[in-house]
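Participant: Pasting a structure here, questions to come.
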Amino acid sequence: MTKETEYVIEVDKLTKRYGDLLAVNDISFTVNQGEVFAFLGPNGAGKTTTVEVIETIRTPTSGKVTLLGMDVTKKKHDIVPRIGVLPQGFSSFDRITVRETIQYYSRLFCCMNTDIDGLIELVNLKDKTKEQYKNLSGGLKQRLGIAIALVNDPEVVFLDEPTTGLDPRARHEVWDVLLGLKKKGKTVFLTTHYMEEAELLADTVAIISKGKVIAMGSPEELIERNANYLALTLKPVDGKVFEIVQKMGFEPVLDNHKNVEVRVEHTYDVQEILNAIKDAGALYLGLDVRKPNLEEVFLKLTGEALREDPPEMEPK
Amino acid sequence: MSPRIISANLVVKLLNFSREKTTMFFVIAFPIILILLFGTIFMSQDNVEFHLCVQDLDRTNSSAHLVKTLKLNGKFKITDVDPAVNATQYVRDNQVNLVLIIPKDYERSFNQRIDTDDPNASVTITYVYDPSSSSVLTKIQILNSVFAYINQGLSGKPPFIRSVEKSILTKKYRFIEFFVPGIIAMAVMTLSLFSTVDSETELRQKGIIRKLSTTPITRTDWILSNILYQFILGVICTIAMLLVSYAVFNVSLHIDAWLLVFILLDVFAFVGIGMILTRFAREAQSAAAAANAVSLPMMFLSGSFFPIELMPGFLQKFAKTLPLFYVNEGLRAAMVFEDSMAALLDAAIIGVFAAVVFFLGIIATKWEEDK
């Protein structure tokens with residue numbers, strides 16, 4: 001890559017409309033080589049539309065998108081052999097086995113030397129090579145999809161909601177595979193609405209809401225910048241603890257389990273609160289101090305929860 | 001265009017098909033059922049025999065001889081009706097469409113005509129019939145011609161106008177042999193059209209097309225591999241139909257390379273049409289309805305089942321605009337008439353049509369998801 005194309009992906013003022021629906025609204029960002037870049041946002045935020053424009057599946061309404069130094073609207077045939085894609089809701093031919101499916105996609109890329117066994121091992125499908133696609137569980141199907149996305153040894157891998165719809169165990173199995181990719185130094189563009197996924201895997205997170213990128217940085221930076229506090233949770237015996245904390249000038253809240261939650265700026269604030277409770281002779285059964293997560297960052301930035309949003313609107 | 005990609009796609013489609021036992025069964029069984037069903041119907045047209053009920057009120061040797069003459073004509077299987085029953089009631093009660101009544105004085109009048117040559121000696125044969133039956137007029141026509149022949153014999157003079165039949169074919173063919181090429185053309189059309197529409201909408205709905213759009217496969221590779229796949233299925237299906245036709249109906253057809261040419265052109269044309277339909281009707285149900293709208297007029301108007309000469313003039317003109325008409329005509333020219341020039345002309349017409357829909361199919365196939 002030349003000097004001006006040191007970014008693997010450059011999105012400049014991208015806008016995408018479907019009729020009256022503005023799916024992506026003038027967004028810009030860049031992705032560095034070798035990083036895991038997560039596009040985090042609720043359903044309908046514009047994640048899939050953005051990633052599909054970058055993957056050359058959709059054409060932008062306006063703006064410029066460059067992938068591996070090439071304009072995605074003009075160089076599809078040069079770009080496609082160099083990228084790997086796990087589309088949202090990946091599916092394959094029902095009666096084709098795991099091995100045959102990987103071989104098939106390898107042939108589509110005219111790859112003579114695809115390490116089929118290596119890929120099967122990477123996604124941990126060794127015991128399922130002769131299993132037909134229709135007999136695989138959701139997690140296994142996604143892992144096969146990831147293997148297929150790697151048949152051409154791509155320079156950039158796009159994974160569009162790789163764990164959506166999976167149970168927690170299957171999700172962790174997919175994460176293991178993705179951590180393996182990260183270790184290999186692949187550039188990965190990940191879209192997700194699971195903040196744990198973004199926090200665990202991503203070097204850079206871009207938070208997208210209603211078609212706009214509203215914040216971007218490493219997970220730590222985002223939290224530091226937007227949620228610079230500690231969350232103290234106390235499990236009180238009675239109502240005294242709540243009153244004590246309130247009298248100290250903090251703003252405690254009661255959660256669904258009658259736990260007292262309070263946000264403090266410094267660790268010594270925690271110590272002060274505990275001392276005050278002890279001095280007043282009040283009792284608590286347990287406590288938890290934690291840093292906020294991306295979910296809270298998102299809540300702060302948008303005023304909306306990250307999950308339980310309506311399904312992503314399909315283009316007309 | 002990449003042969004490697006086309007072959008990869010073809011292999012996957014064939015593997016998937018070979019493991020779908022139900023689909024495989026119907027792809028082969030449907031045309032065989034058609035051949036057996038229509039073959040049985042049309043075989044009987046070659047050797048048609050009507051059921052004729054005769055009420056002989058005379059019960060004499062002469063009237064019995066008349067019944068025997070009708071039987072010897074070979075067109076009738078005769079049932080004797082009791083002279084005591086009411087013929088009209090008999091027709092109603094027994095669901096027969098015609099009872100022929102020989103009058104009581106038949107022998108006396110017959111002898112009078114033979115012995116005295118009395119021109120006034122005659123008998124009246126009565127047909128008691130159900131006019132709502134479609135075959136009754138044919139029966140009456142045959143009976144009238146038999147009686148005309150007997151009357152002419154009684155007059156003692158040889159006929160003035162005689163007729164002789166000369167077929168344009170050197171060999172005598174049965175209707176089933178004209179029918180089989182039409183059924184092959186229709187079965188290959190149905191297979192290509194519906195399987196393209198079904199598989200394209202299914203792959204689109206399952207998101208496989210979206211995944212394929214991120215690989216180097218091109219629309220041309222995709223359609224060509226589909227055509228090759230459908231061609232292989234078409235050949236399998238044709239072999240099954242021909243085997244059944246030879247085994248069950250003992251057909252005599254000329255098989256040469258033209259058969260493969262017309263199967264290929266049939267597939268090319270209808271895979272292309274299928275691709276165009278799925279571009280505009282994206283849901284499985286609407287795509288299937290669109291395929292039906294295309295295939296039904298083809299089936300009934302292009303001469304697969306019925307000769308187009310039986311249709312009104314404007315429909316005959318319309319039939320000649322249908323691609324399947326030329327596949328039917330071409331296959332009959334090759335398999336029945338052994339007329340390579342006629343087959344070439346039909347192949348050229350369907351070839352031009354197939355090329356046009358093939359390119360339109362490529363244009364219509366959209367990998368990208370939006371406009």
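Residues are named by chain letter and number: chains run A, B, ... in the order of the structure tokens, numbers start at 1 in each chain, and ligands are numbered from 1 in the order shown.
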Hey, could you make a per-residue contact list for chain A against chain B with 8 Å as the cut-off, showing the nearest pair of atoms and its distance in Å to one decimal, counting only C-alpha atoms, sorted by chain and number, as a Markdown table?

Facilitator:
```
| residue | atom | partner | partner_atom | distance |
| --- | --- | --- | --- | --- |
| A:Glu55 | CA | B:Thr214 | CA | 7.1 |
| A:Thr56 | CA | B:Thr214 | CA | 7.6 |
| A:Ile57 | CA | B:Glu368 | CA | 4.9 |
| A:Arg58 | CA | B:Glu368 | CA | 5.8 |
| A:Thr59 | CA | B:Asp370 | CA | 7.5 |
| A:His77 | CA | B:Pro216 | CA | 7.0 |
| A:Val80 | CA | B:Thr215 | CA | 6.0 |
| A:Pro81 | CA | B:Pro216 | CA | 6.4 |
| A:Gly84 | CA | B:Thr214 | CA | 7.6 |
| A:Val85 | CA | B:Thr214 | CA | 6.7 |
| A:Leu86 | CA | B:Lys211 | CA | 7.4 |
| A:Pro87 | CA | B:Lys211 | CA | 6.2 |
| A:Gly89 | CA | B:Gly207 | CA | 7.0 |
| A:Phe90 | CA | B:Gly207 | CA | 6.4 |
| A:Ser91 | CA | B:Ile208 | CA | 5.8 |
| A:Ser92 | CA | B:Ile208 | CA | 5.9 |
| A:Phe93 | CA | B:Asn16 | CA | 7.2 |
| A:Asp94 | CA | B:Asn16 | CA | 7.4 |
| A:Arg95 | CA | B:Asn16 | CA | 5.2 |
| A:Ile96 | CA | B:Asn16 | CA | 6.1 |
| A:Tyr104 | CA | B:Ala8 | CA | 6.0 |
| A:Tyr105 | CA | B:Thr215 | CA | 8.0 |
| A:Arg107 | CA | B:Ala8 | CA | 6.1 |
| A:Leu108 | CA | B:Ile5 | CA | 5.1 |
| A:Phe109 | CA | B:Pro216 | CA | 6.0 |
| A:Cys110 | CA | B:Arg4 | CA | 7.1 |
| A:Pro315 | CA | B:Asp370 | CA | 7.9 |
```

Participant: List the neighbours of Gly272 in chain B out to 6 Å using only C-alpha atoms; skip same-chain residues closer than 6 positions along the sequence, and give me the result as a ChimeraX atom specification.

Facilitator: /B:357-358,361

Participant: So which residues touch Leu125 in chain A within 8 Å, counting only C-alpha atoms, skipping near sequence neighbours fewer than 6 positions away, as a list in words?

Facilitator: Leu140, Arg143 and Leu144 of chain A

Participant: Include N, CA and C atoms and write out the residues we just selected as a PDB file, in the first residue's frame.

Facilitator:
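Result went into selection_4.pdb, see below:
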```pdb
ATOM      1  N   LEU A 140     -22.281 -23.853  15.094  1.00  0.00           N
ATOM      2  CA  LEU A 140     -21.404 -24.567  14.150  1.00  0.00           C
ATOM      3  C   LEU A 140     -21.520 -23.945  12.759  1.00  0.00           C
ATOM      4  N   ARG A 143     -19.468 -20.889  12.677  1.00  0.00           N
ATOM      5  CA  ARG A 143     -18.031 -21.211  12.615  1.00  0.00           C
ATOM      6  C   ARG A 143     -17.642 -21.657  11.214  1.00  0.00           C
ATOM      7  N   LEU A 144     -18.558 -22.404  10.566  1.00  0.00           N
ATOM      8  CA  LEU A 144     -18.291 -22.794   9.171  1.00  0.00           C
ATOM      9  C   LEU A 144     -18.233 -21.529   8.306  1.00  0.00           C
TER      10      LEU A 144
END
```

Participant: If you count only C-alpha atoms, which residues fall within 12 Å of Lys240 in chain A, apart from same-chain ones fewer than 5 positions away, as an NGL selection string?

Facilitator: :A and (234-235 or 245-247 or 260 or 276-278 or 280-284)

Participant: If you measure from CA of Ile184 in chain B to CA of Thr278 in chain B, what distance in Å do you get, rounded to one decimal?

Facilitator: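 Between CA of Ile184 in chain B and CA of Thr278 in chain B the gap is 24.4 Å.
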